[in-house]
>>> print(open('final-v8.cif').read())   # mmCIF, C-alpha atoms
data_model
loop_
_atom_site.group_PDB
_atom_site.id
_atom_site.type_symbol
_atom_site.label_atom_id
_atom_site.label_comp_id
_atom_site.auth_asym_id
_atom_site.auth_seq_id
_atom_site.Cartn_x
_atom_site.Cartn_y
_atom_site.Cartn_z
ATOM 1 C CA MET Y 172 -15.397 39.110 40.830
ATOM 2 C CA ASN Y 173 -13.932 36.117 38.963
ATOM 3 C CA TRP Y 174 -11.227 35.839 36.323
ATOM 4 C CA THR Y 175 -13.729 35.827 33.441
ATOM 5 C CA GLN Y 176 -15.151 39.178 34.544
ATOM 6 C CA VAL Y 177 -11.650 40.616 34.998
ATOM 7 C CA ALA Y 178 -10.582 39.435 31.519
ATOM 8 C CA SER Y 179 -13.763 40.843 29.967
ATOM 9 C CA GLY Y 180 -13.245 44.163 31.735
ATOM 10 C CA LEU Y 181 -9.641 44.348 30.542
ATOM 11 C CA SER Y 182 -10.718 43.635 26.966
ATOM 12 C CA GLU Y 183 -13.335 46.391 27.108
ATOM 13 C CA LEU Y 184 -10.803 48.858 28.560
ATOM 14 C CA LEU Y 185 -8.267 48.077 25.819
ATOM 15 C CA SER Y 186 -11.025 48.453 23.212
ATOM 16 C CA LEU Y 187 -11.826 51.947 24.462
ATOM 17 C CA VAL Y 188 -8.130 52.902 24.530
ATOM 18 C CA LEU Y 189 -7.716 51.683 20.948
ATOM 19 C CA VAL Y 190 -10.826 53.577 19.783
ATOM 20 C CA ILE Y 191 -9.493 56.819 21.295
ATOM 21 C CA ARG Y 192 -6.081 56.224 19.719
ATOM 22 C CA LEU Y 193 -7.464 55.471 16.243
ATOM 23 C CA PHE Y 194 -9.784 58.480 16.262
ATOM 24 C CA SER Y 195 -6.936 60.734 17.374
ATOM 25 C CA MET Y 196 -4.739 59.549 14.494
ATOM 26 C CA ARG Y 197 -7.475 59.998 11.828
ATOM 27 C CA LEU Y 198 -6.347 57.019 9.770
ATOM 28 C CA HIS Y 199 -8.046 55.203 6.872
ATOM 29 C CA SER Y 200 -11.854 54.894 6.931
ATOM 30 C CA ALA Y 201 -11.543 51.140 7.614
ATOM 31 C CA TYR Y 202 -10.205 51.961 11.060
ATOM 32 C CA ARG Y 203 -13.175 54.222 11.776
ATOM 33 C CA VAL Y 204 -15.509 51.359 10.900
ATOM 34 C CA PHE Y 205 -13.474 49.177 13.241
ATOM 35 C CA CYS Y 206 -13.992 51.775 15.976
ATOM 36 C CA VAL Y 207 -17.759 51.383 15.508
ATOM 37 C CA PHE Y 208 -17.270 47.598 15.656
ATOM 38 C CA LEU Y 209 -15.358 47.860 18.945
ATOM 39 C CA LEU Y 210 -17.747 50.373 20.510
ATOM 40 C CA PHE Y 211 -20.678 48.119 19.697
ATOM 41 C CA GLU Y 212 -18.878 45.197 21.364
ATOM 42 C CA VAL Y 213 -18.246 47.259 24.494
ATOM 43 C CA LEU Y 214 -21.814 48.594 24.640
ATOM 44 C CA THR Y 215 -23.233 45.104 24.132
ATOM 45 C CA GLN Y 216 -21.166 43.635 26.977
ATOM 46 C CA SER Y 217 -22.101 46.535 29.252
ATOM 47 C CA PHE Y 218 -25.799 46.198 28.430
ATOM 48 C CA VAL Y 219 -25.758 42.428 29.045
ATOM 49 C CA PHE Y 220 -24.105 43.018 32.428
ATOM 50 C CA ILE Y 221 -26.635 45.712 33.393
ATOM 51 C CA GLU Y 222 -29.595 43.644 32.226
ATOM 52 C CA ARG Y 223 -28.401 40.587 34.135
ATOM 53 C CA TYR Y 224 -27.927 42.320 37.483
ATOM 54 C CA THR Y 225 -30.724 44.912 37.478
ATOM 55 C CA ALA Y 226 -34.512 45.075 37.208
ATOM 56 C CA LEU Y 227 -34.193 45.180 33.408
ATOM 57 C CA ASN Y 228 -33.932 41.409 33.565
ATOM 58 C CA GLU Y 229 -37.630 41.262 34.522
ATOM 59 C CA LEU Y 230 -38.828 44.106 32.297
ATOM 60 C CA LEU Y 231 -37.293 42.978 28.992
ATOM 61 C CA ASP Y 232 -37.877 39.747 27.099
ATOM 62 C CA TYR Y 233 -34.385 38.322 26.611
ATOM 63 C CA ARG Y 234 -35.410 36.983 23.192
ATOM 64 C CA VAL Y 235 -36.244 40.445 21.891
ATOM 65 C CA THR Y 236 -33.032 41.861 23.346
ATOM 66 C CA TRP Y 237 -30.999 39.076 21.779
ATOM 67 C CA LEU Y 238 -32.588 39.547 18.342
ATOM 68 C CA VAL Y 239 -31.996 43.318 18.339
ATOM 69 C CA VAL Y 240 -28.368 42.870 19.381
ATOM 70 C CA GLN Y 241 -27.811 40.168 16.763
ATOM 71 C CA VAL Y 242 -29.247 42.222 13.899
ATOM 72 C CA ILE Y 243 -26.962 45.146 14.764
ATOM 73 C CA SER Y 244 -24.041 42.739 15.165
ATOM 74 C CA TRP Y 245 -24.604 41.274 11.683
ATOM 75 C CA VAL Y 246 -24.711 44.732 10.117
ATOM 76 C CA VAL Y 247 -21.573 45.966 11.901
ATOM 77 C CA SER Y 248 -19.588 42.776 11.207
ATOM 78 C CA ILE Y 249 -20.489 42.729 7.508
ATOM 79 C CA TRP Y 250 -19.743 46.448 7.253
ATOM 80 C CA MET Y 251 -16.323 45.818 8.785
ATOM 81 C CA VAL Y 252 -15.513 43.027 6.324
ATOM 82 C CA TYR Y 253 -16.564 45.179 3.352
ATOM 83 C CA ALA Y 254 -14.464 48.097 4.649
ATOM 84 C CA LEU Y 255 -11.399 45.874 5.042
ATOM 85 C CA LEU Y 256 -11.867 44.411 1.551
ATOM 86 C CA ARG Y 257 -12.070 47.910 0.114
ATOM 87 C CA ALA Y 258 -8.912 49.029 1.941
ATOM 88 C CA ILE Y 259 -6.863 45.999 0.842
ATOM 89 C CA MET Y 260 -8.138 45.866 -2.758
ATOM 90 C CA ASP Y 261 -8.199 49.632 -3.277
ATOM 91 C CA LYS Y 262 -5.785 49.425 -6.229
ATOM 92 C CA LEU Y 263 -7.435 46.294 -7.639
ATOM 93 C CA PRO Y 264 -10.981 47.434 -8.526
ATOM 94 C CA GLY Y 265 -11.779 44.408 -10.682
ATOM 95 C CA ILE Y 266 -10.977 41.922 -7.914
ATOM 96 C CA LEU Y 267 -12.733 44.133 -5.347
ATOM 97 C CA ARG Y 268 -15.926 44.235 -7.440
ATOM 98 C CA PHE Y 269 -15.879 40.456 -7.885
ATOM 99 C CA SER Y 270 -15.240 39.874 -4.160
ATOM 100 C CA ARG Y 271 -18.157 42.082 -3.213
ATOM 101 C CA ARG Y 272 -20.502 40.242 -5.573
ATOM 102 C CA VAL Y 273 -19.496 36.860 -4.177
ATOM 103 C CA LEU Y 274 -19.984 38.126 -0.625
ATOM 104 C CA ASN Y 275 -23.368 39.627 -1.527
ATOM 105 C CA VAL Y 276 -24.586 36.330 -2.991
ATOM 106 C CA ALA Y 277 -23.294 34.358 0.003
ATOM 107 C CA LEU Y 278 -25.114 36.649 2.458
ATOM 108 C CA VAL Y 279 -28.400 36.479 0.529
ATOM 109 C CA LEU Y 280 -28.162 32.682 0.489
ATOM 110 C CA ALA Y 281 -27.430 32.687 4.234
ATOM 111 C CA VAL Y 282 -30.611 34.667 4.927
ATOM 112 C CA ALA Y 283 -32.669 32.358 2.688
ATOM 113 C CA VAL Y 284 -31.301 29.150 4.214
ATOM 114 C CA SER Y 285 -31.812 30.470 7.758
ATOM 115 C CA ALA Y 286 -35.420 31.467 7.078
ATOM 116 C CA VAL Y 287 -36.246 28.116 5.471
ATOM 117 C CA SER Y 288 -34.490 26.053 8.147
ATOM 118 C CA GLY Y 289 -36.813 27.306 10.875
ATOM 119 C CA GLY Y 290 -39.964 27.060 8.789
ATOM 120 C CA PRO Y 291 -40.876 23.333 8.910
ATOM 121 C CA GLU Y 292 -40.733 23.126 12.709
ATOM 122 C CA TYR Y 293 -42.806 26.294 13.104
ATOM 123 C CA TRP Y 294 -45.519 25.350 10.598
ATOM 124 C CA ALA Y 295 -45.688 21.754 11.848
ATOM 125 C CA SER Y 296 -46.415 22.988 15.354
ATOM 126 C CA GLY Y 297 -49.436 24.922 14.140
ATOM 127 C CA ALA Y 298 -48.592 27.622 16.678
ATOM 128 C CA SER Y 299 -49.575 31.159 15.872
ATOM 129 C CA SER Y 300 -49.089 32.975 19.164
ATOM 130 C CA ALA Y 301 -46.700 35.902 19.483
ATOM 131 C CA SER Y 302 -44.444 33.826 21.715
ATOM 132 C CA ALA Y 303 -44.248 31.016 19.137
ATOM 133 C CA ARG Y 304 -43.431 33.481 16.372
ATOM 134 C CA LEU Y 305 -40.734 34.993 18.558
ATOM 135 C CA ASN Y 306 -39.251 31.552 19.212
ATOM 136 C CA TYR Y 307 -39.214 30.956 15.454
ATOM 137 C CA LEU Y 308 -37.340 34.239 14.904
ATOM 138 C CA VAL Y 309 -34.831 33.286 17.589
ATOM 139 C CA GLY Y 310 -34.284 29.930 15.879
ATOM 140 C CA VAL Y 311 -33.737 31.669 12.540
ATOM 141 C CA GLY Y 312 -31.443 34.149 14.273
ATOM 142 C CA LEU Y 313 -29.270 31.381 15.745
ATOM 143 C CA VAL Y 314 -28.768 29.777 12.336
ATOM 144 C CA LEU Y 315 -28.162 33.122 10.646
ATOM 145 C CA SER Y 316 -25.656 34.202 13.312
ATOM 146 C CA ARG Y 317 -23.533 31.145 12.689
ATOM 147 C CA MET Y 318 -23.797 31.455 8.907
ATOM 148 C CA VAL Y 319 -22.965 35.177 8.813
ATOM 149 C CA ALA Y 320 -20.037 34.663 11.187
ATOM 150 C CA THR Y 321 -18.745 31.745 9.091
ATOM 151 C CA ILE Y 322 -19.061 33.708 5.833
ATOM 152 C CA CYS Y 323 -17.215 36.690 7.318
ATOM 153 C CA VAL Y 324 -14.407 34.507 8.670
ATOM 154 C CA LEU Y 325 -14.014 32.620 5.382
ATOM 155 C CA THR Y 326 -13.913 35.940 3.505
ATOM 156 C CA LEU Y 327 -11.207 37.232 5.845
ATOM 157 C CA LEU Y 328 -9.142 34.027 5.587
ATOM 158 C CA VAL Y 329 -9.382 33.921 1.778
ATOM 159 C CA THR Y 330 -8.369 37.592 1.648
ATOM 160 C CA LEU Y 331 -5.442 36.904 3.974
ATOM 161 C CA LEU Y 332 -4.289 33.954 1.843
ATOM 162 C CA PHE Y 333 -4.586 36.166 -1.233
ATOM 163 C CA ILE Y 334 -2.296 38.880 0.150
ATOM 164 C CA LEU Y 335 0.110 36.268 1.497
ATOM 165 C CA TRP Y 336 0.461 34.712 -1.977
ATOM 166 C CA PHE Y 337 0.403 37.746 -4.228
ATOM 167 C CA PRO Y 338 2.868 40.602 -3.597
ATOM 168 C CA VAL Y 339 0.150 43.156 -2.840
ATOM 169 C CA ARG Y 340 1.708 46.319 -1.448
ATOM 170 C CA MET Y 341 -0.146 48.148 1.293
ATOM 171 C CA PRO Y 342 0.552 50.490 4.221
ATOM 172 C CA ARG Y 343 2.248 48.791 7.155
ATOM 173 C CA ASN Y 344 -0.683 49.721 9.399
ATOM 174 C CA LEU Y 345 -3.133 47.970 7.109
ATOM 175 C CA ALA Y 346 -0.978 44.839 6.928
ATOM 176 C CA MET Y 347 -0.767 44.589 10.736
ATOM 177 C CA PHE Y 348 -4.439 45.385 11.110
ATOM 178 C CA SER Y 349 -5.531 42.791 8.500
ATOM 179 C CA VAL Y 350 -3.644 39.925 10.137
ATOM 180 C CA GLY Y 351 -4.726 40.961 13.628
ATOM 181 C CA PHE Y 352 -8.381 41.343 12.670
ATOM 182 C CA ALA Y 353 -8.420 37.927 10.976
ATOM 183 C CA VAL Y 354 -7.161 36.395 14.250
ATOM 184 C CA TYR Y 355 -9.503 38.566 16.345
ATOM 185 C CA PHE Y 356 -12.678 37.822 14.391
ATOM 186 C CA SER Y 357 -11.826 34.139 13.907
ATOM 187 C CA ALA Y 358 -11.392 33.715 17.670
ATOM 188 C CA LYS Y 359 -14.771 35.326 18.379
ATOM 189 C CA THR Y 360 -16.463 33.235 15.689
ATOM 190 C CA PHE Y 361 -14.875 30.031 16.986
ATOM 191 C CA LEU Y 362 -16.382 30.800 20.394
ATOM 192 C CA LEU Y 363 -19.810 31.496 18.846
ATOM 193 C CA LEU Y 364 -19.884 28.369 16.672
ATOM 194 C CA PHE Y 365 -18.764 25.849 19.282
ATOM 195 C CA HIS Y 366 -19.929 27.336 22.576
ATOM 196 C CA ASN Y 367 -22.995 25.062 22.827
ATOM 197 C CA PHE Y 368 -20.953 21.876 22.409
ATOM 198 C CA TRP Y 369 -18.951 22.283 25.635
ATOM 199 C CA SER Y 370 -19.807 21.785 29.261
ATOM 200 C CA HIS Y 371 -20.092 24.940 31.376
ATOM 201 C CA GLN Y 372 -16.583 24.511 32.805
ATOM 202 C CA ASN Y 373 -14.980 24.007 29.385
ATOM 203 C CA ALA Y 374 -17.009 26.832 27.876
ATOM 204 C CA THR Y 375 -15.774 29.197 30.591
ATOM 205 C CA LEU Y 376 -12.171 28.170 29.956
ATOM 206 C CA VAL Y 377 -12.524 28.665 26.197
ATOM 207 C CA THR Y 378 -14.197 32.043 26.754
ATOM 208 C CA ASP Y 379 -11.249 33.145 28.914
ATOM 209 C CA ILE Y 380 -8.730 31.970 26.299
ATOM 210 C CA VAL Y 381 -10.552 33.772 23.491
ATOM 211 C CA THR Y 382 -10.817 36.937 25.606
ATOM 212 C CA LEU Y 383 -7.066 36.743 26.234
ATOM 213 C CA ILE Y 384 -6.422 36.421 22.478
ATOM 214 C CA LEU Y 385 -8.633 39.435 21.824
ATOM 215 C CA SER Y 386 -6.804 41.457 24.486
ATOM 216 C CA VAL Y 387 -3.430 40.578 22.936
ATOM 217 C CA CYS Y 388 -4.682 41.737 19.509
ATOM 218 C CA LEU Y 389 -5.977 44.994 20.996
ATOM 219 C CA LEU Y 390 -2.729 45.676 22.831
ATOM 220 C CA TYR Y 391 -0.768 44.871 19.665
ATOM 221 C CA TRP Y 392 -2.738 47.473 17.708
ATOM 222 C CA ILE Y 393 -2.453 50.065 20.463
ATOM 223 C CA LEU Y 394 1.330 49.731 20.475
ATOM 224 C CA TYR Y 395 2.047 49.451 16.749
ATOM 225 C CA LEU Y 396 -0.597 51.331 14.758
ATOM 226 C CA ASN Y 397 0.676 54.872 14.202
ATOM 227 C CA PRO Y 398 0.549 57.665 11.564
ATOM 228 C CA SER Y 399 3.983 56.784 10.149
ATOM 229 C CA GLY Y 400 2.693 53.268 9.417
ATOM 230 C CA GLU Y 401 0.431 54.754 6.739
ATOM 231 C CA LEU Y 402 3.477 55.983 4.793
ATOM 232 C CA VAL Y 403 5.569 52.794 4.838
ATOM 233 C CA GLN Y 404 4.536 50.281 2.145
ATOM 234 C CA VAL Y 405 5.059 46.569 2.851
ATOM 235 C CA THR Y 406 4.319 43.197 1.254
ATOM 236 C CA LEU Y 407 3.157 40.236 3.317
ATOM 237 C CA GLY Y 408 3.908 36.599 2.627
ATOM 238 C CA HIS Y 409 6.826 35.066 0.767
ATOM 239 C CA SER Y 410 10.066 36.885 0.082
ATOM 240 C CA TRP Y 411 9.729 36.212 -3.617
ATOM 241 C CA GLY Y 412 12.694 36.544 -5.927
ATOM 242 C CA ARG Y 413 12.527 39.446 -8.360
ATOM 243 C CA GLU Y 414 11.640 37.228 -11.330
ATOM 244 C CA LYS Y 415 8.927 35.342 -9.449
ATOM 245 C CA GLN Y 416 7.523 38.557 -8.003
ATOM 246 C CA THR Y 417 7.335 40.146 -11.445
ATOM 247 C CA GLY Y 418 5.456 37.118 -12.762
ATOM 248 C CA LEU Y 419 2.973 37.203 -9.874
ATOM 249 C CA LEU Y 420 2.390 40.914 -10.368
ATOM 250 C CA LYS Y 421 1.594 40.308 -14.045
ATOM 251 C CA ASP Y 422 -0.794 37.508 -13.060
ATOM 252 C CA LEU Y 423 -2.431 39.820 -10.534
ATOM 253 C CA GLU Y 424 -2.835 42.631 -13.058
ATOM 254 C CA HIS Y 425 -4.267 40.203 -15.620
ATOM 255 C CA LEU Y 426 -6.727 38.759 -13.088
ATOM 256 C CA ASN Y 427 -7.800 42.253 -12.053
ATOM 257 C CA ALA Y 428 -8.338 43.268 -15.713
ATOM 258 C CA VAL Y 429 -10.338 40.113 -16.543
ATOM 259 C CA LEU Y 430 -12.609 40.464 -13.490
ATOM 260 C CA GLY Y 431 -12.983 44.162 -14.209
ATOM 261 C CA ARG Y 432 -14.214 43.486 -17.752
ATOM 262 C CA ALA Y 433 -16.501 40.707 -16.524
ATOM 263 C CA GLY Y 434 -17.997 43.052 -13.925
ATOM 264 C CA ARG Y 435 -18.812 45.660 -16.555
ATOM 265 C CA GLY Y 436 -20.267 43.066 -18.904
#
>>> encode(input="final-v8.cif", output="structure tokens")
Amino acid sequence: MNWTQVASGLSELLSLVLVIRLFSMRLHSAYRVFCVFLLFEVLTQSFVFIERYTALNELLDYRVTWLVVQVISWVVSIWMVYALLRAIMDKLPGILRFSRRVLNVALVLAVAVSAVSGGPEYWASGASSASARLNYLVGVGLVLSRMVATICVLTLLVTLLFILWFPVRMPRNLAMFSVGFAVYFSAKTFLLLFHNFWSHQNATLVTDIVTLILSVCLLYWILYLNPSGELVQVTLGHSWGREKQTGLLKDLEHLNAVLGRAGRG
């Protein structure tokens, strides 16, 4: 057993501990969605390990397995981003509605671009066999995976910048979770986007570093997310002066009202 396997095992163990802890505390619905996100990650890693070292490797077409896993991964990741947006913008319905519409449009465009990008190569080949069609779907899936991951990360980073600039008050748990999840998901996406550009040795090193980052985030949540954190309200970002903070709050309320009217129009 090498270090990569040990690090992956530790990450999965911490994920399970965090899931048990979050379910026992019965916190906001966003955390329950995150539990589904974590459980899917653990199940995926376990399935990949089993498939690689058992007879399943010969029985299953890895392309079909990969496509099924990716589709579920897209759904769970997008669901998690929507849930986090809803939790953070709960008191800002106008901004929340606008954010959802932008995200919806971006995801539809991602699907369209991914489908079109694989088309020319497939039609030019003139291939019509099941294997060729499956290869086409895998090609579309690779493009779509990167695009969905990039859209989710950009949404998280923009949301984080928003709450760092505006004095948005939220439960302490949610503030810690938002920052940690932005780091967590960004690290995983970085690995996905750039994995193919490294040699095997560098890729293994980067995988270990990312796994370590994920484990630190998981341990951080295990130690600091608690029921009392739902009662304490905090503001991230700058320690604005009272006058500046009042002005930003007015700007935020105005922006929320304008986007709310535009959404109903």
>>> closest_residue(input="final-v8.cif", among="Y:Ala428, Y:Leu209, Y:Met260, Y:Val381", to="Y:Met341", atoms="only C-alpha atoms")
Y:Met260
>>> atom_distance(input="final-v8.cif", atom1="atom CA of Y:Ile249", atom2="atom CA of Y:Arg234")
22.4 Å
>>> closest_residue(input="final-v8.cif", among="Y:Pro342, Y:Thr360, Y:Cys388, Y:Thr417", to="Y:Asp261", atoms="all atoms listed in the file")
Y:Pro342
>>> closest_residue(input="final-v8.cif", among="Y:Leu364, Y:Ile393, Y:Leu255, Y:Val403", to="Y:Phe194", atoms="only C-alpha atoms")
Y:Ile393
>>> resolve_selection(input="final-v8.cif", expression="the PyMOL selection byres ((chain Y and resi 263-273) around 12)", output="mmCIF file with C-alpha atoms, in the coordinates of the input")
data_model
loop_
_atom_site.group_PDB
_atom_site.id
_atom_site.type_symbol
_atom_site.label_atom_id
_atom_site.label_comp_id
_atom_site.auth_asym_id
_atom_site.auth_seq_id
_atom_site.Cartn_x
_atom_site.Cartn_y
_atom_site.Cartn_z
ATOM 1 C CA ILE Y 249 -20.489 42.729 7.508
ATOM 2 C CA TRP Y 250 -19.743 46.448 7.253
ATOM 3 C CA VAL Y 252 -15.513 43.027 6.324
ATOM 4 C CA TYR Y 253 -16.564 45.179 3.352
ATOM 5 C CA ALA Y 254 -14.464 48.097 4.649
ATOM 6 C CA LEU Y 255 -11.399 45.874 5.042
ATOM 7 C CA LEU Y 256 -11.867 44.411 1.551
ATOM 8 C CA ARG Y 257 -12.070 47.910 0.114
ATOM 9 C CA ALA Y 258 -8.912 49.029 1.941
ATOM 10 C CA ILE Y 259 -6.863 45.999 0.842
ATOM 11 C CA MET Y 260 -8.138 45.866 -2.758
ATOM 12 C CA ASP Y 261 -8.199 49.632 -3.277
ATOM 13 C CA LYS Y 262 -5.785 49.425 -6.229
ATOM 14 C CA LEU Y 274 -19.984 38.126 -0.625
ATOM 15 C CA ASN Y 275 -23.368 39.627 -1.527
ATOM 16 C CA VAL Y 276 -24.586 36.330 -2.991
ATOM 17 C CA ALA Y 277 -23.294 34.358 0.003
ATOM 18 C CA LEU Y 278 -25.114 36.649 2.458
ATOM 19 C CA VAL Y 279 -28.400 36.479 0.529
ATOM 20 C CA LEU Y 280 -28.162 32.682 0.489
ATOM 21 C CA ILE Y 322 -19.061 33.708 5.833
ATOM 22 C CA CYS Y 323 -17.215 36.690 7.318
ATOM 23 C CA LEU Y 325 -14.014 32.620 5.382
ATOM 24 C CA THR Y 326 -13.913 35.940 3.505
ATOM 25 C CA LEU Y 327 -11.207 37.232 5.845
ATOM 26 C CA VAL Y 329 -9.382 33.921 1.778
ATOM 27 C CA THR Y 330 -8.369 37.592 1.648
ATOM 28 C CA PHE Y 333 -4.586 36.166 -1.233
ATOM 29 C CA ILE Y 334 -2.296 38.880 0.150
ATOM 30 C CA VAL Y 339 0.150 43.156 -2.840
ATOM 31 C CA ARG Y 340 1.708 46.319 -1.448
ATOM 32 C CA MET Y 341 -0.146 48.148 1.293
ATOM 33 C CA LEU Y 420 2.390 40.914 -10.368
ATOM 34 C CA LEU Y 423 -2.431 39.820 -10.534
ATOM 35 C CA GLU Y 424 -2.835 42.631 -13.058
ATOM 36 C CA HIS Y 425 -4.267 40.203 -15.620
ATOM 37 C CA LEU Y 426 -6.727 38.759 -13.088
ATOM 38 C CA ASN Y 427 -7.800 42.253 -12.053
ATOM 39 C CA ALA Y 428 -8.338 43.268 -15.713
ATOM 40 C CA VAL Y 429 -10.338 40.113 -16.543
ATOM 41 C CA LEU Y 430 -12.609 40.464 -13.490
ATOM 42 C CA GLY Y 431 -12.983 44.162 -14.209
ATOM 43 C CA ARG Y 432 -14.214 43.486 -17.752
ATOM 44 C CA ALA Y 433 -16.501 40.707 -16.524
ATOM 45 C CA GLY Y 434 -17.997 43.052 -13.925
ATOM 46 C CA ARG Y 435 -18.812 45.660 -16.555
ATOM 47 C CA GLY Y 436 -20.267 43.066 -18.904
#
>>> axis_aligned_box(input="final-v8.cif", around="stretch 315-333 of chain Y", padding_each_side="5 Å", output="AutoDock Vina command-line options")
--center_x -16.2 --center_y 34.4 --center_z 6.0 --size_x 33.9 --size_y 16.4 --size_z 24.5
